[in-house]
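Heads up, the thing below is written out as structure tokens.
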Amino acid sequence: MPEIRHNVLTREWVIIATERAKRPDQFVRKNAKKALPVFEPKCPFCPGNEAMTPSETYVVRDTNGWRVRVTPNKYGALAYEGPRQLSIHGIQRKVTGVGIHEVIVETPKHNAATALLQDAEVETIIETYLNRFRFASGDPRIEQVTIFKNHGESAGTSLEHPHSQMIAAPVITSQLRDRLINALKHYDEFGECIFCHVLEMELKEGTRIVMESEHFVAFVQYAALTPFRC
């Protein structure tokens, strides 16, 4: 029977219906994936095509060339130049759309899958994330930095070459703001960090732990807003 669980981080009720995971079309692939080449002449993220993107803002190189390359998004959602200004006219308010929108090209190999890269290659990508996060956080106009990755056509990605993106915005999204407010309310009421409490309970129960290491724990929350899908 489905359950309706309460997500203590978002204060939302979530329907957990495991039977829906057994739908007959779940694993049907409507379109066969084509084999990708290591190098695609028309791909702006492949080595040798650097002139097809804006000038790089960060790069990691070795004797074979670049390993990870970061450039401004050619069709950025935010403008890098300009001050952050808030305007209020009655109930209408707006902030100038300044910020940072970058693309992190994760590997020179067009046909690589990020999940199948070597540990050292993934480490370089994460170090790049950290570098760009610190850079964006040092900009006084920036209030929130989000690093994300779309994979595959169904997720909205327009280029096959493995890449991620970073958006550093001059405002805090309501999703993050609500979580912080809920965490503060929980601390005021119970005198404890809600994130620490959730982690402690998940580790104790152990049924939703994906992976645990010395420094990190990956788990599916008790009332997760979305299920993991293969």
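A note on labels: chains of the structure tokens are A, B, ... as shown, every chain counts residues from 1, and ligands are counted from 1 in their shown order.
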
Name the residues of segment 39-216 of chain A that fall into alpha helix (DSSP H) according to DSSP on the backbone, using the chain letters and numbers of this document, as a PyMOL selection string. chain A and resi 119-137+174-190+194-205

Go ahead and write the residues just picked, C-alpha atoms, as an mmCIF file, in the first residue's frame.
data_model
loop_
_atom_site.group_PDB
_atom_site.id
_atom_site.type_symbol
_atom_site.label_atom_id
_atom_site.label_comp_id
_atom_site.auth_asym_id
_atom_site.auth_seq_id
_atom_site.Cartn_x
_atom_site.Cartn_y
_atom_site.Cartn_z
ATOM 1 C CA ASP A 119 39.090 7.937 -10.144
ATOM 2 C CA ALA A 120 41.809 10.466 -10.949
ATOM 3 C CA GLU A 121 39.684 11.967 -13.731
ATOM 4 C CA VAL A 122 36.663 12.333 -11.443
ATOM 5 C CA GLU A 123 38.917 13.869 -8.787
ATOM 6 C CA THR A 124 40.018 16.517 -11.283
ATOM 7 C CA ILE A 125 36.377 17.324 -12.089
ATOM 8 C CA ILE A 126 35.500 17.715 -8.403
ATOM 9 C CA GLU A 127 38.565 19.897 -7.823
ATOM 10 C CA THR A 128 37.359 22.042 -10.716
ATOM 11 C CA TYR A 129 33.913 22.310 -9.123
ATOM 12 C CA LEU A 130 35.571 23.468 -5.903
ATOM 13 C CA ASN A 131 37.711 26.019 -7.731
ATOM 14 C CA ARG A 132 34.745 27.534 -9.563
ATOM 15 C CA PHE A 133 32.573 27.463 -6.421
ATOM 16 C CA ARG A 134 35.211 29.396 -4.485
ATOM 17 C CA PHE A 135 35.645 31.844 -7.346
ATOM 18 C CA ALA A 136 31.921 32.544 -7.607
ATOM 19 C CA SER A 137 31.473 32.738 -3.834
ATOM 20 C CA SER A 174 12.930 29.685 -2.543
ATOM 21 C CA GLN A 175 13.814 25.972 -2.381
ATOM 22 C CA LEU A 176 17.035 26.687 -0.498
ATOM 23 C CA ARG A 177 15.563 29.526 1.557
ATOM 24 C CA ASP A 178 12.677 27.308 2.744
ATOM 25 C CA ARG A 179 15.098 24.578 3.822
ATOM 26 C CA LEU A 180 17.183 27.046 5.812
ATOM 27 C CA ILE A 181 14.096 28.517 7.480
ATOM 28 C CA ASN A 182 12.827 25.036 8.363
ATOM 29 C CA ALA A 183 16.249 24.128 9.775
ATOM 30 C CA LEU A 184 16.244 27.265 11.934
ATOM 31 C CA LYS A 185 12.731 26.521 13.227
ATOM 32 C CA HIS A 186 13.774 22.955 14.059
ATOM 33 C CA TYR A 187 16.820 24.211 15.975
ATOM 34 C CA ASP A 188 14.715 26.710 17.910
ATOM 35 C CA GLU A 189 12.242 23.965 18.855
ATOM 36 C CA PHE A 190 14.550 21.016 19.522
ATOM 37 C CA ILE A 194 18.047 18.934 11.522
ATOM 38 C CA PHE A 195 20.536 17.859 8.859
ATOM 39 C CA CYS A 196 22.737 16.169 11.462
ATOM 40 C CA HIS A 197 19.686 14.477 12.953
ATOM 41 C CA VAL A 198 18.479 13.152 9.590
ATOM 42 C CA LEU A 199 21.949 11.816 8.791
ATOM 43 C CA GLU A 200 22.237 10.168 12.212
ATOM 44 C CA MET A 201 18.866 8.437 11.824
ATOM 45 C CA GLU A 202 19.598 7.251 8.275
ATOM 46 C CA LEU A 203 22.946 5.809 9.372
ATOM 47 C CA LYS A 204 21.285 4.088 12.322
ATOM 48 C CA GLU A 205 18.524 2.555 10.187
#

Quick one: residues within 7 Å of His101 of chain A, only C-alpha atoms, excluding same-chain residues fewer than 2 positions away - as an MDAnalysis selection string? chainID A and resid 72:73 76:78 99 166:168

Write to file, as a PDB file, in the first residue's frame, the residues of the selection just made, with N, CA and C atoms.
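Resulting contents of selection_17.pdb:
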ATOM      1  N   PRO A  72      32.631  30.317 -20.156  1.00  0.00           N
ATOM      2  CA  PRO A  72      31.295  30.889 -19.966  1.00  0.00           C
ATOM      3  C   PRO A  72      30.300  30.197 -20.905  1.00  0.00           C
ATOM      4  N   ASN A  73      29.078  30.020 -20.444  1.00  0.00           N
ATOM      5  CA  ASN A  73      28.037  29.468 -21.297  1.00  0.00           C
ATOM      6  C   ASN A  73      27.766  30.448 -22.442  1.00  0.00           C
ATOM      7  N   GLY A  76      24.404  32.163 -21.967  1.00  0.00           N
ATOM      8  CA  GLY A  76      24.261  32.261 -20.525  1.00  0.00           C
ATOM      9  C   GLY A  76      22.934  32.861 -20.076  1.00  0.00           C
ATOM     10  N   ALA A  77      22.445  32.353 -18.948  1.00  0.00           N
ATOM     11  CA  ALA A  77      21.205  32.858 -18.368  1.00  0.00           C
ATOM     12  C   ALA A  77      21.428  34.153 -17.603  1.00  0.00           C
ATOM     13  N   LEU A  78      22.693  34.437 -17.234  1.00  0.00           N
ATOM     14  CA  LEU A  78      23.014  35.633 -16.475  1.00  0.00           C
ATOM     15  C   LEU A  78      24.163  36.376 -17.146  1.00  0.00           C
ATOM     16  N   GLY A  99      25.458  37.724 -12.829  1.00  0.00           N
ATOM     17  CA  GLY A  99      25.926  36.505 -12.180  1.00  0.00           C
ATOM     18  C   GLY A  99      26.923  35.783 -13.063  1.00  0.00           C
ATOM     19  N   MET A 166      27.588  25.524 -14.009  1.00  0.00           N
ATOM     20  CA  MET A 166      27.516  26.262 -12.749  1.00  0.00           C
ATOM     21  C   MET A 166      26.766  27.565 -12.981  1.00  0.00           C
ATOM     22  N   ILE A 167      25.776  27.812 -12.148  1.00  0.00           N
ATOM     23  CA  ILE A 167      25.061  29.082 -12.168  1.00  0.00           C
ATOM     24  C   ILE A 167      25.222  29.736 -10.800  1.00  0.00           C
ATOM     25  N   ALA A 168      25.790  30.927 -10.795  1.00  0.00           N
ATOM     26  CA  ALA A 168      25.952  31.707  -9.568  1.00  0.00           C
ATOM     27  C   ALA A 168      25.035  32.916  -9.692  1.00  0.00           C
TER      28      ALA A 168
END

Within 12 Å of Lys94 of chain A using only C-alpha atoms, minus same-chain residues under 3 positions, as a list of chain:residue names: A:Arg84, A:Gln85, A:Leu86, A:Ser87, A:Ile88, A:His89, A:Gly90, A:Ile91, A:Gly97, A:Val98, A:Pro170, A:Val171

Please dump the current selection as a PDB file, in the first residue's frame; keep N, CA and C atoms.
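This is the output file out16.pdb:
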ATOM      1  N   ARG A  84      24.742  44.462  -9.115  1.00  0.00           N
ATOM      2  CA  ARG A  84      23.470  43.903  -8.660  1.00  0.00           C
ATOM      3  C   ARG A  84      22.625  45.040  -8.089  1.00  0.00           C
ATOM      4  N   GLN A  85      21.442  45.218  -8.645  1.00  0.00           N
ATOM      5  CA  GLN A  85      20.573  46.301  -8.210  1.00  0.00           C
ATOM      6  C   GLN A  85      19.153  45.776  -8.007  1.00  0.00           C
ATOM      7  N   LEU A  86      18.572  46.130  -6.889  1.00  0.00           N
ATOM      8  CA  LEU A  86      17.197  45.746  -6.570  1.00  0.00           C
ATOM      9  C   LEU A  86      16.279  46.922  -6.842  1.00  0.00           C
ATOM     10  N   SER A  87      15.190  46.669  -7.564  1.00  0.00           N
ATOM     11  CA  SER A  87      14.199  47.706  -7.850  1.00  0.00           C
ATOM     12  C   SER A  87      12.846  47.247  -7.325  1.00  0.00           C
ATOM     13  N   ILE A  88      12.144  48.127  -6.598  1.00  0.00           N
ATOM     14  CA  ILE A  88      10.833  47.822  -6.050  1.00  0.00           C
ATOM     15  C   ILE A  88       9.850  48.911  -6.471  1.00  0.00           C
ATOM     16  N   HIS A  89       8.768  48.494  -7.130  1.00  0.00           N
ATOM     17  CA  HIS A  89       7.707  49.410  -7.544  1.00  0.00           C
ATOM     18  C   HIS A  89       6.380  48.778  -7.120  1.00  0.00           C
ATOM     19  N   GLY A  90       5.895  49.192  -5.969  1.00  0.00           N
ATOM     20  CA  GLY A  90       4.684  48.583  -5.443  1.00  0.00           C
ATOM     21  C   GLY A  90       4.928  47.127  -5.115  1.00  0.00           C
ATOM     22  N   ILE A  91       4.089  46.245  -5.693  1.00  0.00           N
ATOM     23  CA  ILE A  91       4.274  44.807  -5.467  1.00  0.00           C
ATOM     24  C   ILE A  91       5.237  44.191  -6.471  1.00  0.00           C
ATOM     25  N   GLY A  97      19.870  40.953 -13.734  1.00  0.00           N
ATOM     26  CA  GLY A  97      20.262  39.563 -13.996  1.00  0.00           C
ATOM     27  C   GLY A  97      21.748  39.365 -14.162  1.00  0.00           C
ATOM     28  N   VAL A  98      22.509  39.754 -13.140  1.00  0.00           N
ATOM     29  CA  VAL A  98      23.958  39.565 -13.196  1.00  0.00           C
ATOM     30  C   VAL A  98      24.335  38.291 -12.451  1.00  0.00           C
ATOM     31  N   PRO A 170      22.394  36.180  -8.143  1.00  0.00           N
ATOM     32  CA  PRO A 170      22.382  37.255  -7.153  1.00  0.00           C
ATOM     33  C   PRO A 170      21.249  37.131  -6.134  1.00  0.00           C
ATOM     34  N   VAL A 171      20.494  36.043  -6.184  1.00  0.00           N
ATOM     35  CA  VAL A 171      19.396  35.815  -5.247  1.00  0.00           C
ATOM     36  C   VAL A 171      19.460  34.372  -4.747  1.00  0.00           C
TER      37      VAL A 171
END

I want to know what sits within 6 Å of segment 60-68 of chain A, based on only C-alpha atoms, with residues of the same chain fewer than 6 positions away left out; could you give that as a list of chain:residue names?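 What passes the distance filter is A:Val105, A:Glu106, A:Thr107.
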
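Put simply, atom CA of Val103 of chain A is 4.5 Å away from atom CA of Gln165 of chain A.
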